[in-house]
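File shown: entry25.tsv. Contents: TSV, C-alpha atoms and all ligand atoms.
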chain	number	residue	atom	x	y	z
A	1343	MET	CA	0.00	0.00	0.00
A	1344	ARG	CA	1.50	3.38	-0.97
A	1345	ARG	CA	1.73	6.47	1.31
A	1346	TYR	CA	-1.01	9.06	0.76
A	1347	SER	CA	-0.73	12.74	1.68
A	1348	SER	CA	-4.26	14.13	1.28
A	1349	ILE	CA	-7.14	11.88	2.33
A	1350	VAL	CA	-10.90	12.45	2.13
A	1351	VAL	CA	-13.18	9.99	3.94
A	1352	LEU	CA	-16.97	9.82	3.44
A	1353	THR	CA	-19.13	7.99	5.95
A	1354	GLY	CA	-22.75	6.89	5.93
A	1355	ALA	CA	-25.20	5.23	8.30
A	1356	GLY	CA	-23.35	1.89	8.15
A	1357	ILE	CA	-20.51	3.21	10.31
A	1358	SER	CA	-22.98	3.91	13.14
A	1359	ALA	CA	-25.01	0.67	12.74
A	1360	GLU	CA	-22.94	-1.28	15.28
A	1361	SER	CA	-23.40	1.57	17.75
A	1362	GLY	CA	-27.14	0.84	17.66
A	1363	ILE	CA	-28.28	3.56	15.25
A	1364	GLN	CA	-30.67	2.46	12.49
A	1365	THR	CA	-29.52	2.69	8.88
A	1366	PHE	CA	-31.98	3.99	6.29
A	1367	ARG	CA	-32.22	1.18	3.70
A	1368	GLY	CA	-32.03	-2.57	3.84
A	1369	GLY	CA	-33.62	-4.77	6.51
A	1370	GLY	CA	-35.18	-2.73	9.33
A	1371	GLY	CA	-34.08	0.58	7.79
A	1372	LEU	CA	-35.60	3.85	9.02
A	1373	TRP	CA	-37.33	4.46	5.67
A	1374	GLU	CA	-39.19	1.14	5.96
A	1375	GLY	CA	-41.37	2.62	8.66
A	1376	HIS	CA	-41.60	6.22	7.48
A	1377	ASP	CA	-42.59	8.03	4.30
A	1378	ILE	CA	-39.63	10.16	3.21
A	1379	GLU	CA	-41.98	12.66	1.55
A	1380	GLU	CA	-43.83	13.17	4.84
A	1381	VAL	CA	-40.92	13.39	7.31
A	1382	ALA	CA	-37.79	14.35	5.35
A	1383	THR	CA	-38.87	17.10	2.91
A	1384	PHE	CA	-39.59	20.79	3.42
A	1385	ASP	CA	-43.04	20.31	1.84
A	1386	GLY	CA	-43.78	17.59	4.40
A	1387	TYR	CA	-42.73	20.00	7.16
A	1388	VAL	CA	-44.98	22.76	5.82
A	1389	ARG	CA	-47.91	20.33	5.50
A	1390	ASN	CA	-47.51	18.91	8.99
A	1391	PRO	CA	-44.81	20.57	11.13
A	1392	ARG	CA	-45.81	18.64	14.27
A	1393	LYS	CA	-45.30	15.27	12.52
A	1394	VAL	CA	-41.86	16.23	11.16
A	1395	LEU	CA	-40.67	17.83	14.42
A	1396	SER	CA	-41.85	14.74	16.31
A	1397	PHE	CA	-39.93	12.44	13.91
A	1398	TYR	CA	-36.69	14.33	14.62
A	1399	ASN	CA	-37.45	14.61	18.36
A	1400	ASP	CA	-37.69	10.81	18.42
A	1401	ARG	CA	-34.38	10.39	16.53
A	1402	ARG	CA	-32.69	12.94	18.83
A	1403	ARG	CA	-33.93	11.02	21.88
A	1404	ASP	CA	-32.75	7.73	20.31
A	1405	LEU	CA	-29.27	9.20	19.97
A	1406	ARG	CA	-29.26	9.89	23.74
A	1407	ARG	CA	-30.26	6.33	24.68
A	1408	ALA	CA	-27.93	4.50	27.07
A	1409	GLY	CA	-25.39	2.41	25.16
A	1410	ILE	CA	-25.26	4.58	22.05
A	1411	GLU	CA	-21.50	5.13	21.91
A	1412	PRO	CA	-18.84	5.60	19.21
A	1413	ASN	CA	-17.65	2.19	17.99
A	1414	ALA	CA	-14.21	0.89	16.93
A	1415	ALA	CA	-14.68	2.28	13.41
A	1416	HIS	CA	-15.34	5.84	14.65
A	1417	LEU	CA	-12.39	5.55	17.03
A	1418	ALA	CA	-10.06	4.20	14.32
A	1419	LEU	CA	-10.82	7.21	12.09
A	1420	ALA	CA	-10.15	9.68	14.91
A	1421	GLU	CA	-6.88	7.95	15.83
A	1422	PHE	CA	-5.71	7.86	12.22
A	1423	GLU	CA	-6.48	11.60	11.86
A	1424	ARG	CA	-4.43	12.40	14.99
A	1425	ASN	CA	-1.38	10.57	13.61
A	1426	HIS	CA	-1.66	11.45	9.92
A	1427	PRO	CA	1.04	13.99	8.89
A	1428	GLY	CA	-0.83	15.15	5.78
A	1429	GLU	CA	-4.33	16.51	5.06
A	1430	PHE	CA	-7.38	14.63	6.36
A	1431	LEU	CA	-11.05	15.52	5.95
A	1432	LEU	CA	-13.94	13.44	7.24
A	1433	VAL	CA	-17.25	14.16	5.46
A	1434	THR	CA	-20.25	12.44	6.98
A	1435	GLN	CA	-23.80	12.02	5.75
A	1436	ASN	CA	-24.72	11.05	9.30
A	1437	VAL	CA	-26.52	13.43	11.61
A	1438	ASP	CA	-25.44	11.67	14.80
A	1439	ASP	CA	-22.54	13.00	16.92
A	1440	LEU	CA	-20.55	9.77	17.17
A	1441	HIS	CA	-17.61	11.02	15.09
A	1442	GLU	CA	-17.27	14.07	17.39
A	1443	ARG	CA	-17.54	11.87	20.49
A	1444	ALA	CA	-14.84	9.58	19.05
A	1445	GLY	CA	-12.51	12.59	18.73
A	1446	SER	CA	-12.66	13.40	15.01
A	1447	ARG	CA	-11.73	17.05	14.35
A	1448	GLU	CA	-11.68	17.85	10.63
A	1449	LEU	CA	-15.32	16.82	10.26
A	1450	ARG	CA	-18.14	18.18	8.06
A	1451	HIS	CA	-21.78	17.13	8.44
A	1452	MET	CA	-23.09	17.51	4.89
A	1453	HIS	CA	-26.63	16.49	5.88
A	1454	GLY	CA	-26.77	18.51	9.11
A	1455	GLU	CA	-26.87	17.45	12.76
A	1456	LEU	CA	-29.64	16.05	14.97
A	1457	ASP	CA	-28.41	18.10	17.95
A	1458	LYS	CA	-28.73	21.40	16.11
A	1459	VAL	CA	-31.78	23.46	15.14
A	1460	ARG	CA	-32.19	26.57	12.95
A	1461	CYS	CA	-34.48	29.57	13.11
A	1462	GLN	CA	-36.08	30.21	9.72
A	1463	ARG	CA	-36.53	33.90	10.57
A	1464	CYS	CA	-33.07	34.96	11.83
A	1465	HIS	CA	-31.23	31.88	10.45
A	1466	GLN	CA	-29.39	31.34	13.71
A	1467	VAL	CA	-28.17	27.74	14.13
A	1468	TYR	CA	-27.87	26.59	17.73
A	1469	SER	CA	-27.50	23.39	19.72
A	1470	SER	CA	-30.63	21.94	21.23
A	1471	ARG	CA	-31.23	18.59	22.87
A	1472	GLU	CA	-34.78	19.50	23.83
A	1473	ASP	CA	-37.84	18.52	21.83
A	1474	ILE	CA	-38.82	21.14	19.25
A	1475	GLU	CA	-42.55	21.91	19.05
A	1476	PRO	CA	-44.43	23.98	16.44
A	1477	SER	CA	-44.66	26.70	19.11
A	1478	THR	CA	-40.97	26.69	20.08
A	1479	GLN	CA	-39.59	30.22	20.32
A	1480	CYS	CA	-36.21	31.16	18.87
A	1481	PRO	CA	-34.01	32.33	21.80
A	1482	TRP	CA	-32.26	34.79	19.47
A	1483	CYS	CA	-35.04	36.64	17.64
A	1484	MET	CA	-37.93	35.41	19.83
A	1485	ALA	CA	-39.98	34.38	16.77
A	1486	ALA	CA	-42.31	31.50	17.66
A	1487	GLY	CA	-42.99	28.54	15.40
A	1488	ARG	CA	-40.04	29.21	13.07
A	1489	VAL	CA	-37.51	26.74	14.56
A	1490	ARG	CA	-36.73	23.67	12.41
A	1491	PRO	CA	-34.23	20.78	12.60
A	1492	HIS	CA	-30.78	21.73	11.20
A	1493	ILE	CA	-31.08	18.72	8.88
A	1494	VAL	CA	-30.78	18.72	5.08
A	1495	TRP	CA	-34.07	17.35	3.73
A	1496	PHE	CA	-34.46	15.71	0.34
A	1497	GLY	CA	-34.44	18.39	-2.34
A	1498	GLU	CA	-32.35	20.76	-0.20
A	1499	MET	CA	-28.67	21.58	-0.88
A	1500	PRO	CA	-26.23	19.75	1.43
A	1501	PHE	CA	-23.77	21.82	3.47
A	1502	HIS	CA	-20.04	22.40	2.77
A	1503	MET	CA	-20.27	21.33	-0.88
A	1504	ASP	CA	-17.75	23.90	-2.23
A	1505	GLU	CA	-15.14	22.87	0.31
A	1506	ILE	CA	-15.84	19.16	-0.22
A	1507	HIS	CA	-15.37	19.47	-3.99
A	1508	LEU	CA	-12.12	21.41	-3.51
A	1509	ARG	CA	-10.74	18.78	-1.15
A	1510	LEU	CA	-11.88	15.93	-3.39
A	1511	ALA	CA	-10.07	17.57	-6.33
A	1512	ARG	CA	-6.75	17.69	-4.50
A	1513	CYS	CA	-6.80	14.51	-2.44
A	1514	ASP	CA	-4.86	11.39	-3.45
A	1515	LEU	CA	-7.04	8.91	-1.55
A	1516	PHE	CA	-10.85	8.80	-1.21
A	1517	VAL	CA	-12.34	6.25	1.22
A	1518	SER	CA	-16.11	5.62	1.40
A	1519	ILE	CA	-17.40	3.85	4.52
A	1520	GLY	CA	-20.86	2.49	5.35
A	1521	THR	CA	-22.94	4.10	2.63
A	1522	SER	CA	-25.21	2.46	0.06
A	1523	GLY	CA	-24.37	5.00	-2.66
A	1524	ASN	CA	-28.07	5.75	-3.20
A	1525	VAL	CA	-28.19	9.48	-2.44
A	1526	TYR	CA	-26.50	12.26	-4.38
A	1527	PRO	CA	-24.37	14.33	-4.28
A	1528	ALA	CA	-22.46	12.05	-1.83
A	1529	ALA	CA	-22.95	9.04	-4.10
A	1530	GLY	CA	-21.20	10.97	-6.87
A	1531	PHE	CA	-17.98	11.68	-4.95
A	1532	VAL	CA	-16.38	8.39	-6.07
A	1533	GLU	CA	-17.01	9.31	-9.72
A	1534	LEU	CA	-15.35	12.72	-9.25
A	1535	ALA	CA	-12.33	11.03	-7.66
A	1536	HIS	CA	-12.25	8.25	-10.25
A	1537	GLN	CA	-12.24	10.80	-13.11
A	1538	ARG	CA	-9.14	12.41	-11.57
A	1539	GLY	CA	-7.35	9.09	-11.25
A	1540	ILE	CA	-7.49	9.28	-7.45
A	1541	THR	CA	-7.27	5.98	-5.54
A	1542	THR	CA	-10.76	5.11	-4.27
A	1543	VAL	CA	-11.56	2.52	-1.60
A	1544	GLU	CA	-14.95	1.25	-0.40
A	1545	LEU	CA	-15.33	-0.19	3.11
A	1546	ASN	CA	-18.87	-1.53	3.54
A	1547	LEU	CA	-20.93	-4.49	4.72
A	1548	GLU	CA	-21.59	-5.36	1.09
A	1549	PRO	CA	-20.86	-3.81	-2.34
A	1550	SER	CA	-22.76	-0.51	-2.72
A	1551	GLU	CA	-24.52	0.86	-5.80
A	1552	GLY	CA	-21.24	2.45	-6.92
A	1553	ALA	CA	-18.97	-0.48	-6.04
A	1554	ALA	CA	-17.70	-0.94	-9.60
A	1555	LEU	CA	-16.22	2.59	-9.55
A	1556	PHE	CA	-13.86	1.93	-6.64
A	1557	SER	CA	-10.20	0.95	-7.11
A	1558	GLU	CA	-10.69	-1.56	-4.28
A	1559	GLY	CA	-13.30	-2.74	-1.80
A	1560	HIS	CA	-13.18	-4.45	1.58
A	1561	TYR	CA	-16.43	-5.91	2.90
A	1562	GLY	CA	-17.58	-6.79	6.38
A	1563	PRO	CA	-18.70	-5.03	9.59
A	1564	ALA	CA	-17.21	-1.54	9.93
A	1565	THR	CA	-15.85	-2.29	13.41
A	1566	THR	CA	-13.65	-4.98	11.80
A	1567	ILE	CA	-12.68	-3.65	8.37
A	1568	VAL	CA	-12.19	0.05	9.23
A	1569	PRO	CA	-9.61	-0.42	12.04
A	1570	GLU	CA	-7.82	-3.03	9.88
A	1571	PHE	CA	-7.67	-0.77	6.82
A	1572	PHE	CA	-6.47	2.34	8.67
A	1573	ALA	CA	-3.93	0.35	10.69
A	1574	ARG	CA	-2.41	-0.85	7.39
A	1575	LEU	CA	-2.52	2.70	6.02
A	1576	ARG	CA	-0.59	4.00	9.06
A	1577	GLN	CA	2.19	1.50	8.39
A	1578	THR	CA	2.88	2.95	4.93
B	1601	LIG	N1	-20.71	-2.10	8.75
B	1601	LIG	C1	-20.49	-1.57	7.52
B	1601	LIG	N2	-21.48	-1.22	6.66
B	1601	LIG	C2	-22.74	-1.42	7.09
B	1601	LIG	C3	-23.05	-2.00	8.34
B	1601	LIG	C4	-21.97	-2.35	9.18
B	1601	LIG	N3	-22.16	-2.89	10.40
B	1601	LIG	N4	-24.41	-2.10	8.44
B	1601	LIG	C5	-24.92	-1.61	7.29
B	1601	LIG	N5	-23.92	-1.21	6.47
B	1601	LIG	C6	-24.02	-0.64	5.13
B	1601	LIG	C7	-25.17	-1.18	4.31
B	1601	LIG	O1	-24.75	-2.32	3.56
B	1601	LIG	C8	-25.48	0.00	3.39
B	1601	LIG	O2	-24.72	-0.08	2.18
B	1601	LIG	O3	-24.28	0.74	5.30
B	1601	LIG	C9	-25.03	1.23	4.19
B	1601	LIG	C10	-26.17	2.06	4.73
B	1601	LIG	O4	-26.89	2.54	3.62
B	1601	LIG	P1	-28.12	3.54	3.88
B	1601	LIG	O5	-28.99	2.96	4.93
B	1601	LIG	O6	-28.68	3.85	2.53
B	1601	LIG	O7	-27.43	4.84	4.53
B	1601	LIG	P2	-26.65	5.98	3.78
B	1601	LIG	O8	-25.93	5.45	2.58
B	1601	LIG	O9	-25.85	6.67	4.81
B	1601	LIG	O10	-27.84	6.96	3.30
B	1601	LIG	C11	-27.45	8.17	2.71
B	1601	LIG	O11	-29.76	8.85	2.63
B	1601	LIG	O12	-31.80	8.93	3.61
B	1601	LIG	C12	-30.70	9.67	3.33
B	1601	LIG	O13	-29.93	11.52	4.56
B	1601	LIG	C13	-30.02	10.12	4.60
B	1601	LIG	O14	-27.65	10.43	5.01
B	1601	LIG	C14	-28.63	9.51	4.52
B	1601	LIG	C15	-28.46	9.24	3.04
Once more with this new file: its structure as structure tokens, please.
Amino acid sequence: MRRYSSIVVLTGAGISAESGIQTFRGGGGLWEGHDIEEVATFDGYVRNPRKVLSFYNDRRRDLRRAGIEPNAAHLALAEFERNHPGEFLLVTQNVDDLHERAGSRELRHMHGELDKVRCQRCHQVYSSREDIEPSTQCPWCMAAGRVRPHIVWFGEMPFHMDEIHLRLARCDLFVSIGTSGNVYPAAGFVELAHQRGITTVELNLEPSEGAALFSEGHYGPATTIVPEFFARLRQT
């Protein structure tokens, strides 16, 4: 394995599965029990704010359940970042805080964060672990009923895209972990890297939709394959 200087890692729900957080697709996925249009779109929020706020209140409470902790895959990424002499950026589609709790620093949540909310009047983003109701008042501008989850819904533009594209263009290794490759723009990152001749690696339970585009793939539970892969990378 060669030495890489600039590394971009993308993670998806699969890296948090062994910590007890539901993935979205596949057996028992979150979208099996919920209609995306109703709970994960702005139109759904406008139609029924209470239903959407309740859906995210439940997921925020789930994240706080006893036993929900970073797993060996989260910890392996944070340790690698601490010891890597070159550039390292972790882009996650996940809205949980397990990467932060594992110690990751150069981290961008492209789909937002469960523990943050946003006022639609003054646009202030702030941390909140409390339930959000349709009547919740913004503590900054005092507007009531304008506070929404700081989550990117389907049809909305993910965060940090300019920076992500810049870093993808100049990295020499792109690693995708625990994502099914179903949702763009994240699912397109491997294509951007591939077009630039960048080495691309997939670490997943099973081959994703974009598996054929990766230079190599390692398959199995993230808590096994992620520590193994990054331990080998550190030895280069
Ligand atoms: N270890 C490694 N990979 C796993 C594990 C595990 N223990 N368990 C599941 N996986 C893999 C699955 O094989 C699947 O390919 O993780 C992937 C999870 O796929 P999805 O549930 O589609 O999650 P993700 O790819 O993150 O979804 C992307 O879709 O709904 C939106 O905004 C949501 O960020 C999410 C986006």
Worksheet item: Quick one, how far is atom CA of A:Tyr1561 from atom C7 of ligand LIG 1601 (chain B)?
Response: 10.0 Å
Discussion item. At a cut-off of 9 Å around ligand LIG 1601 (chain B), and using all atoms listed in the file, what residues come up? Please write them as JSON, numbers by chain.
Written reply: {"A": [1353, 1354, 1355, 1356, 1357, 1358, 1359, 1360, 1361, 1364, 1365, 1366, 1367, 1368, 1371, 1372, 1373, 1378, 1382, 1415, 1434, 1435, 1436, 1437, 1452, 1453, 1454, 1493, 1494, 1495, 1496, 1519, 1520, 1521, 1522, 1523, 1524, 1525, 1526, 1528, 1529, 1545, 1546, 1547, 1548, 1549, 1550, 1551, 1561, 1562, 1563, 1564, 1565, 1566, 1567, 1568]}
Discussion item. When you look at A:Arg1471 with a cut-off of 8 Å (counting only C-alpha atoms), what residues show up, excluding the ones that are within fewer than 4 positions of it in the same chain? I need them as a VMD selection string.
Written reply: chain A and resid 1402 1457 to 1458
Suppose we keep C-alpha atoms; can you now write the selection as a PDB file, in the coordinates of the input?
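The resulting selection_23.pdb:
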ATOM      1  CA  ARG A1402     -32.690  12.940  18.830  1.00  0.00           C
ATOM      2  CA  ASP A1457     -28.410  18.100  17.950  1.00  0.00           C
ATOM      3  CA  LYS A1458     -28.730  21.400  16.110  1.00  0.00           C
TER       4      LYS A1458
END
Worksheet item: What is the distance, in Å and to one decimal place, between atom CA of A:Ile1410 and atom CA of A:His1441?
Response: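 Between these atoms lies a distance of 12.2 Å.
Closest approach to A:Arg1424 from the set A:Arg1406, A:His1376, A:Arg1447, A:Arg1401 is made by A:Arg1447, with distances taken over only C-alpha atoms.
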Worksheet entry | For A:His1416, the nearest of the candidates A:Phe1430, A:Glu1442, A:Gln1577, A:Lys1393, counting only C-alpha atoms | A:Glu1442
Worksheet item: What does the distance between atom CA of A:Pro1412 and atom CA of A:Arg1576 come to in Å, to one decimal place?
Response: 20.9 Å
Item to complete: May I have the residues within 9 Å of A:Thr1578 as a VMD selection string, using only C-alpha atoms and disregarding those fewer than 4 positions away in the same chain?
Response: chain A and resid 1343 to 1346 1574
Discussion item. Counting all atoms listed in the file, which residue out of A:Phe1501, A:Gln1466, A:Leu1405, A:Leu1352 sits closest to A:Met1484?
Written reply: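 Going through A:Phe1501, A:Gln1466, A:Leu1405, A:Leu1352 one by one, the smallest distance to A:Met1484 is for A:Gln1466.
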Worksheet entry | Non-local contacts of A:Ala1444 (9 Å; only C-alpha atoms; under 2 positions in same chain excluded) as a ChimeraX atom specification | /A:1411-1414,1416-1421,1439-1442,1446
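Using all atoms listed in the file, the contacts of A:Ala1486 at a cut-off of 10 Å, with sequence neighbours closer than 2 positions omitted, comprise Cys1461, Arg1463, Glu1475, Pro1476, Ser1477, Thr1478, Gln1479, Cys1480, Pro1481, Cys1483, Met1484, Arg1488 and Val1489 of chain A.
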